[in-house]
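Peer 1: Supplied in structure tokens, the structure appears directly below.
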Amino acid sequence: MRVIGLISGTSMDAIDVAVADLSLDGPTVVLTPVEHAEHPFPEDLREPPTSAAELCALDTRLGRAFAAVAVRYRGDLVSSLGQTVHHWVEDGRCLGTLQVGQPAWIAEATGLPVVSDLRVRDVAAGGHGAPLASTLDALWLAGFAEDQGRPATALNIGGIANITKVSPEGVIAYDTGPGNALMDAAMTVLSGGLRNQDTDGEFARRGNVHAELLDRLLADPYYARTAPKSTGKEHFNRAYLDRVTEGLTMPAEDLLATLTELTVRTIAAECEGTVIGSGGGMRNPVLVESLSRHVDLRTSDELGLPAAGKEAYLAALLGFLTWHGLPANVPSATGAAGPRPLGSITPGRYPLRLPEPVITAVTGLTIGRRGRRSGQEGQEDGGDHART
């Protein structure tokens, strides 16, 4: 079946979409990338809601924005990871998580059933609801790690960086800390809102690491916590940056160089074996060059899965598993009490007809021959898969 995956990550820099053909070959999922793209995230929806009325409006407006993207593609099912607006963690335990982007608007616009709200069931089972990338990574990299004869680490650098370590001993996954979040917050402040990222590491490349600030940053208790663990922009945000830089003066370039070094250090400290990178942070050459000096870094493109669309392909995979009644979490990664089917299904235009649940456990994932690649909005190779 063809699944349209949707997500807007913690950086809120785009609505990512990926279209994948998915099927089961015994205990193996075959995921064939068809196309992927990025669509601009609505600028007026970046501010966090401060009231129930604002939250309601955000849920609706983001749902409509997701719908406007999804309607441009053809598929049998839409799976939306939505936009996380709050991830509630206390004393190392996740107590709740909230994603918005009302799926009813997507179902109404596309006429397709929509799988959404994919994190909260794992949280209810005692997990962190993250990183769900561990589901794809654990299935995909098990064979790769075995062939390599050493562990493999899947790395995603979004607003928050997360890893999945796959080895013969098992799978473990967690958020390592900030990916782009603090760098983005700094650029937003320094530019007066005119820029929300250090494009190509332009500022960081010209700067020097500020030793005292780096020491303050690395002293954050989050890094010493044991996995499973998760974090978000509830913690690593502009207010956090204001607190940690209090009393310090430095050029903007040094601030960005130090925040980049923080991301590199906290990722590198947690990785083992070959590291397969994806996510927006992999487009920052300064970050990638520095990280490559610490770890054996490759991109997921080299293994057949487009790095730029990996999280959206993850969304498609999760929806496919849910549609077939299969568990879609990795308990050793999220901390949940056991495997759980994830998400809720919003019916499309026609009566909901689910397939017979699959009773054979899924133990692997292979990447089928890749289709076309899409770029940013306005550059997609839509062909016969794009709706007009």
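All residue names refer to the structure tokens as shown: chains lettered A, B, ... in order, residues numbered from 1 in each chain, ligands numbered from 1 in order.
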Contacts of region 345-356 of chain A at 7 Å or less, counting only C-alpha atoms, minus same-chain residues fewer than 2 places along, as number ranges by chain?

Peer 2: A: 103-104, 107-108, 111-116, 323-324, 343, 358

Peer 1: Just to be explicit: take each residue in the selection above, keep all heavy atoms, and write the result as a short mmCIF file (atom, residue, chain, number, x, y, z; two decimals), in the first residue's frame.

Peer 2:
```
data_model
loop_
_atom_site.label_atom_id
_atom_site.label_comp_id
_atom_site.auth_asym_id
_atom_site.auth_seq_id
_atom_site.Cartn_x
_atom_site.Cartn_y
_atom_site.Cartn_z
N PRO A 103 -6.19 15.77 12.72
CA PRO A 103 -6.25 14.87 11.57
C PRO A 103 -7.56 14.91 10.80
O PRO A 103 -7.60 14.52 9.62
CB PRO A 103 -6.01 13.49 12.19
CG PRO A 103 -6.44 13.64 13.62
CD PRO A 103 -6.06 15.02 13.99
N ALA A 104 -8.64 15.37 11.42
CA ALA A 104 -9.92 15.43 10.71
C ALA A 104 -9.83 16.32 9.47
O ALA A 104 -10.46 16.03 8.44
CB ALA A 104 -11.03 15.92 11.64
N ALA A 107 -8.16 14.23 6.76
CA ALA A 107 -9.10 13.23 6.23
C ALA A 107 -10.14 13.88 5.33
O ALA A 107 -10.51 13.35 4.28
CB ALA A 107 -9.77 12.49 7.38
N GLU A 108 -10.62 15.03 5.75
CA GLU A 108 -11.64 15.73 4.98
C GLU A 108 -11.10 16.18 3.62
O GLU A 108 -11.77 16.08 2.59
CB GLU A 108 -12.16 16.93 5.76
CG GLU A 108 -13.33 17.65 5.12
CD GLU A 108 -14.60 16.81 5.06
OE1 GLU A 108 -14.74 15.88 5.87
OE2 GLU A 108 -15.45 17.09 4.18
N GLY A 111 -9.77 12.69 1.69
CA GLY A 111 -10.70 11.57 1.59
C GLY A 111 -10.10 10.26 2.07
O GLY A 111 -10.74 9.20 1.99
N LEU A 112 -8.87 10.31 2.61
CA LEU A 112 -8.17 9.11 3.04
C LEU A 112 -8.22 8.95 4.56
O LEU A 112 -8.31 9.94 5.29
CB LEU A 112 -6.70 9.18 2.62
CG LEU A 112 -6.42 9.30 1.12
CD1 LEU A 112 -4.92 9.48 0.89
CD2 LEU A 112 -6.93 8.08 0.38
N PRO A 113 -8.17 7.71 5.05
CA PRO A 113 -8.03 7.53 6.49
C PRO A 113 -6.69 8.07 6.96
O PRO A 113 -5.70 8.05 6.20
CB PRO A 113 -8.12 6.01 6.67
CG PRO A 113 -7.78 5.43 5.34
CD PRO A 113 -8.21 6.44 4.31
N VAL A 114 -6.65 8.55 8.19
CA VAL A 114 -5.46 9.18 8.74
C VAL A 114 -5.09 8.53 10.07
O VAL A 114 -5.92 8.45 10.97
CB VAL A 114 -5.67 10.70 8.95
CG1 VAL A 114 -4.40 11.34 9.51
CG2 VAL A 114 -6.08 11.38 7.65
N VAL A 115 -3.86 8.09 10.18
CA VAL A 115 -3.32 7.61 11.46
C VAL A 115 -2.58 8.78 12.10
O VAL A 115 -1.77 9.45 11.46
CB VAL A 115 -2.35 6.43 11.25
CG1 VAL A 115 -1.78 5.97 12.60
CG2 VAL A 115 -3.05 5.26 10.57
N SER A 116 -2.88 9.04 13.37
CA SER A 116 -2.26 10.18 14.05
C SER A 116 -2.12 9.87 15.54
O SER A 116 -2.44 8.76 15.98
CB SER A 116 -3.11 11.44 13.85
OG SER A 116 -4.39 11.27 14.44
N TRP A 323 -1.97 0.35 10.82
CA TRP A 323 -3.03 -0.09 9.92
C TRP A 323 -3.18 -1.62 9.92
O TRP A 323 -4.27 -2.15 9.79
CB TRP A 323 -2.74 0.42 8.51
CG TRP A 323 -3.84 0.20 7.52
CD1 TRP A 323 -3.87 -0.70 6.50
CD2 TRP A 323 -5.08 0.92 7.45
NE1 TRP A 323 -5.03 -0.58 5.78
CE2 TRP A 323 -5.80 0.41 6.34
CE3 TRP A 323 -5.64 1.96 8.19
CZ2 TRP A 323 -7.05 0.89 5.98
CZ3 TRP A 323 -6.88 2.44 7.82
CH2 TRP A 323 -7.58 1.90 6.73
N HIS A 324 -2.05 -2.31 10.10
CA HIS A 324 -2.05 -3.77 10.09
C HIS A 324 -2.10 -4.38 11.48
O HIS A 324 -1.89 -5.59 11.65
CB HIS A 324 -0.83 -4.29 9.32
CG HIS A 324 -0.93 -4.07 7.85
ND1 HIS A 324 -0.55 -2.89 7.25
CD2 HIS A 324 -1.39 -4.87 6.84
CE1 HIS A 324 -0.77 -2.97 5.94
NE2 HIS A 324 -1.27 -4.15 5.68
N GLY A 343 -1.26 4.95 17.99
CA GLY A 343 -2.04 5.89 17.20
C GLY A 343 -3.54 5.66 17.21
O GLY A 343 -4.06 4.67 17.72
N VAL A 358 -2.14 -8.56 11.23
CA VAL A 358 -1.00 -9.45 10.97
C VAL A 358 -0.57 -10.07 12.28
O VAL A 358 -0.36 -9.37 13.28
CB VAL A 358 0.16 -8.65 10.34
CG1 VAL A 358 1.40 -9.54 10.18
CG2 VAL A 358 -0.27 -8.08 8.99
#
```

Peer 1: Give me the residues near Pro339 (chain A) as a list in words, where near means some atom within 7 Å (using only C-alpha atoms) and where sequence neighbours in that chain fewer than 6 positions away do not count.

Peer 2: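 Using only C-alpha atoms, the neighbours found are Pro327, Asn329, Val330 and Pro331 of chain A.
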
Peer 1: Which region 107-212 of chain A residues have any atom within 8 Å of an atom of region 220-234 of chain A, and for each, what is the nearest pair of atoms with distance in Å to one decimal, counting only C-alpha atoms, rows sorted by chain and number, as JSON lines?

Peer 2:
```
{"residue": "A:His128", "atom": "CA", "partner": "A:Ser230", "partner_atom": "CA", "distance": 6.4}
{"residue": "A:Ala130", "atom": "CA", "partner": "A:Ser230", "partner_atom": "CA", "distance": 6.5}
{"residue": "A:Pro131", "atom": "CA", "partner": "A:Ser230", "partner_atom": "CA", "distance": 7.4}
{"residue": "A:Gly159", "atom": "CA", "partner": "A:Lys233", "partner_atom": "CA", "distance": 7.7}
{"residue": "A:Ile160", "atom": "CA", "partner": "A:Gly232", "partner_atom": "CA", "distance": 6.3}
{"residue": "A:Ile172", "atom": "CA", "partner": "A:Pro228", "partner_atom": "CA", "distance": 7.6}
{"residue": "A:Ala173", "atom": "CA", "partner": "A:Pro228", "partner_atom": "CA", "distance": 6.8}
{"residue": "A:Tyr174", "atom": "CA", "partner": "A:Lys229", "partner_atom": "CA", "distance": 5.5}
{"residue": "A:Asp175", "atom": "CA", "partner": "A:Ser230", "partner_atom": "CA", "distance": 5.0}
{"residue": "A:Thr176", "atom": "CA", "partner": "A:Tyr223", "partner_atom": "CA", "distance": 7.1}
{"residue": "A:Gly177", "atom": "CA", "partner": "A:Thr231", "partner_atom": "CA", "distance": 6.8}
{"residue": "A:Pro178", "atom": "CA", "partner": "A:Gly232", "partner_atom": "CA", "distance": 7.8}
{"residue": "A:Ala181", "atom": "CA", "partner": "A:Lys233", "partner_atom": "CA", "distance": 7.0}
```

Peer 1: In Å, how far is it from CA of Gly309 (chain A) to CA of Ala70 (chain A)?

Peer 2: 14.7 Å

Peer 1: If DSSP is run on the backbone, what residues of region 42-108 of chain A are alpha helix (DSSP H)? A reply as an MDAnalysis selection string would be ideal.

Peer 2: chainID A and resid 52:70 103:108

Peer 1: Do you have, as JSON lines, the list of residues of region 231-319 of chain A lying at most 8 Å from region 11-27 of chain A, each with its nearest atom pair and that distance in Å to one decimal, counting only C-alpha atoms and ordered by chain then number?

Peer 2:
```
{"residue": "A:Gly309", "atom": "CA", "partner": "A:Ala18", "partner_atom": "CA", "distance": 6.2}
{"residue": "A:Glu311", "atom": "CA", "partner": "A:Asp16", "partner_atom": "CA", "distance": 7.9}
{"residue": "A:Ala312", "atom": "CA", "partner": "A:Ala18", "partner_atom": "CA", "distance": 5.1}
{"residue": "A:Tyr313", "atom": "CA", "partner": "A:Ala18", "partner_atom": "CA", "distance": 5.5}
{"residue": "A:Ala316", "atom": "CA", "partner": "A:Ala20", "partner_atom": "CA", "distance": 6.8}
{"residue": "A:Leu317", "atom": "CA", "partner": "A:Leu22", "partner_atom": "CA", "distance": 7.6}
```

Peer 1: Using only C-alpha atoms, which of A:Leu118, A:Ala53, A:Val3, A:Ala219 sits nearest His36 (chain A)?

Peer 2: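 For His36 (chain A), the nearest of the given residues is A:Val3.
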
Peer 1: Can you list, as a VMD selection string, all residues belonging to region 190-303 of chain A that DSSP tags as strand (DSSP E)?

Peer 2: chain A and resid 274 to 278 296 to 299

Peer 1: Write the selection just made, keeping N, CA, C and O atoms, as a PDB file, in the first residue's frame?

Peer 2:
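Below you can see again11.pdb, which holds the result:
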```
ATOM      1  N   THR A 274      29.518   2.440  13.375  1.00  0.00           N
ATOM      2  CA  THR A 274      29.183   3.310  12.248  1.00  0.00           C
ATOM      3  C   THR A 274      27.952   4.137  12.601  1.00  0.00           C
ATOM      4  O   THR A 274      26.968   3.619  13.117  1.00  0.00           O
ATOM      5  N   VAL A 275      28.009   5.420  12.318  1.00  0.00           N
ATOM      6  CA  VAL A 275      26.902   6.332  12.620  1.00  0.00           C
ATOM      7  C   VAL A 275      26.239   6.726  11.304  1.00  0.00           C
ATOM      8  O   VAL A 275      26.893   7.240  10.390  1.00  0.00           O
ATOM      9  N   ILE A 276      24.926   6.471  11.222  1.00  0.00           N
ATOM     10  CA  ILE A 276      24.158   6.766  10.017  1.00  0.00           C
ATOM     11  C   ILE A 276      23.319   8.011  10.287  1.00  0.00           C
ATOM     12  O   ILE A 276      22.356   7.963  11.056  1.00  0.00           O
ATOM     13  N   GLY A 277      23.697   9.124   9.684  1.00  0.00           N
ATOM     14  CA  GLY A 277      23.080  10.403  10.007  1.00  0.00           C
ATOM     15  C   GLY A 277      21.949  10.807   9.079  1.00  0.00           C
ATOM     16  O   GLY A 277      21.937  10.481   7.896  1.00  0.00           O
ATOM     17  N   SER A 278      20.992  11.545   9.645  1.00  0.00           N
ATOM     18  CA  SER A 278      19.893  12.128   8.882  1.00  0.00           C
ATOM     19  C   SER A 278      19.389  13.353   9.637  1.00  0.00           C
ATOM     20  O   SER A 278      19.861  13.666  10.727  1.00  0.00           O
ATOM     21  N   ASP A 296      32.630   7.727  13.044  1.00  0.00           N
ATOM     22  CA  ASP A 296      32.594   7.230  11.670  1.00  0.00           C
ATOM     23  C   ASP A 296      31.204   7.542  11.108  1.00  0.00           C
ATOM     24  O   ASP A 296      30.265   6.786  11.297  1.00  0.00           O
ATOM     25  N   LEU A 297      31.080   8.680  10.428  1.00  0.00           N
ATOM     26  CA  LEU A 297      29.785   9.219  10.028  1.00  0.00           C
ATOM     27  C   LEU A 297      29.486   8.956   8.562  1.00  0.00           C
ATOM     28  O   LEU A 297      30.294   9.258   7.687  1.00  0.00           O
ATOM     29  N   ARG A 298      28.300   8.383   8.301  1.00  0.00           N
ATOM     30  CA  ARG A 298      27.779   8.208   6.951  1.00  0.00           C
ATOM     31  C   ARG A 298      26.371   8.784   6.930  1.00  0.00           C
ATOM     32  O   ARG A 298      25.790   9.086   7.979  1.00  0.00           O
ATOM     33  N   THR A 299      25.805   8.937   5.743  1.00  0.00           N
ATOM     34  CA  THR A 299      24.424   9.407   5.654  1.00  0.00           C
ATOM     35  C   THR A 299      23.510   8.244   5.322  1.00  0.00           C
ATOM     36  O   THR A 299      23.932   7.237   4.743  1.00  0.00           O
TER      37      THR A 299
END
```

Peer 1: Ranking A:Asp91, A:Asp198, A:Glu38, A:Glu47 by minimum distance to Leu6 (chain A) and counting only C-alpha atoms, which one comes first?

Peer 2: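 For Leu6 (chain A), the nearest of the given residues is A:Glu38.
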
Peer 1: Can you work out the spacing between CA of Ala68 (chain A) and CA of Gly82 (chain A) in Å, to one decimal?

Peer 2: 13.7 Å

Peer 1: Which polymer residues have any atom within 7 Å of an atom of region 96-101 of chain A, counting only C-alpha atoms, with same-chain residues fewer than 5 positions away left out, as a PDB file with C-alpha atoms, in the first residue's frame?

Peer 2:
```pdb
ATOM      1  CA  ASP A  59      -4.604  22.585  16.256  1.00  0.00           C
ATOM      2  CA  THR A  60      -7.039  23.610  13.533  1.00  0.00           C
ATOM      3  CA  LEU A  62      -1.881  23.235  11.568  1.00  0.00           C
ATOM      4  CA  GLY A  63      -4.348  20.507  10.615  1.00  0.00           C
ATOM      5  CA  PHE A  66      -0.958  19.509   6.859  1.00  0.00           C
ATOM      6  CA  GLY A  82       1.980  16.179  13.788  1.00  0.00           C
ATOM      7  CA  GLN A  83       3.724  18.980  15.651  1.00  0.00           C
ATOM      8  CA  THR A  84       4.764  18.456  19.260  1.00  0.00           C
ATOM      9  CA  VAL A  85       3.725  21.458  21.350  1.00  0.00           C
ATOM     10  CA  HIS A  86       4.552  19.970  24.748  1.00  0.00           C
ATOM     11  CA  HIS A  87       6.444  16.944  26.043  1.00  0.00           C
ATOM     12  CA  TRP A  88       5.878  16.579  29.785  1.00  0.00           C
ATOM     13  CA  ASP A 117      -1.499  10.735  17.757  1.00  0.00           C
ATOM     14  CA  VAL A 120       0.698   8.848  23.609  1.00  0.00           C
ATOM     15  CA  VAL A 123       3.582   7.073  27.152  1.00  0.00           C
TER      16      VAL A 123
END
```
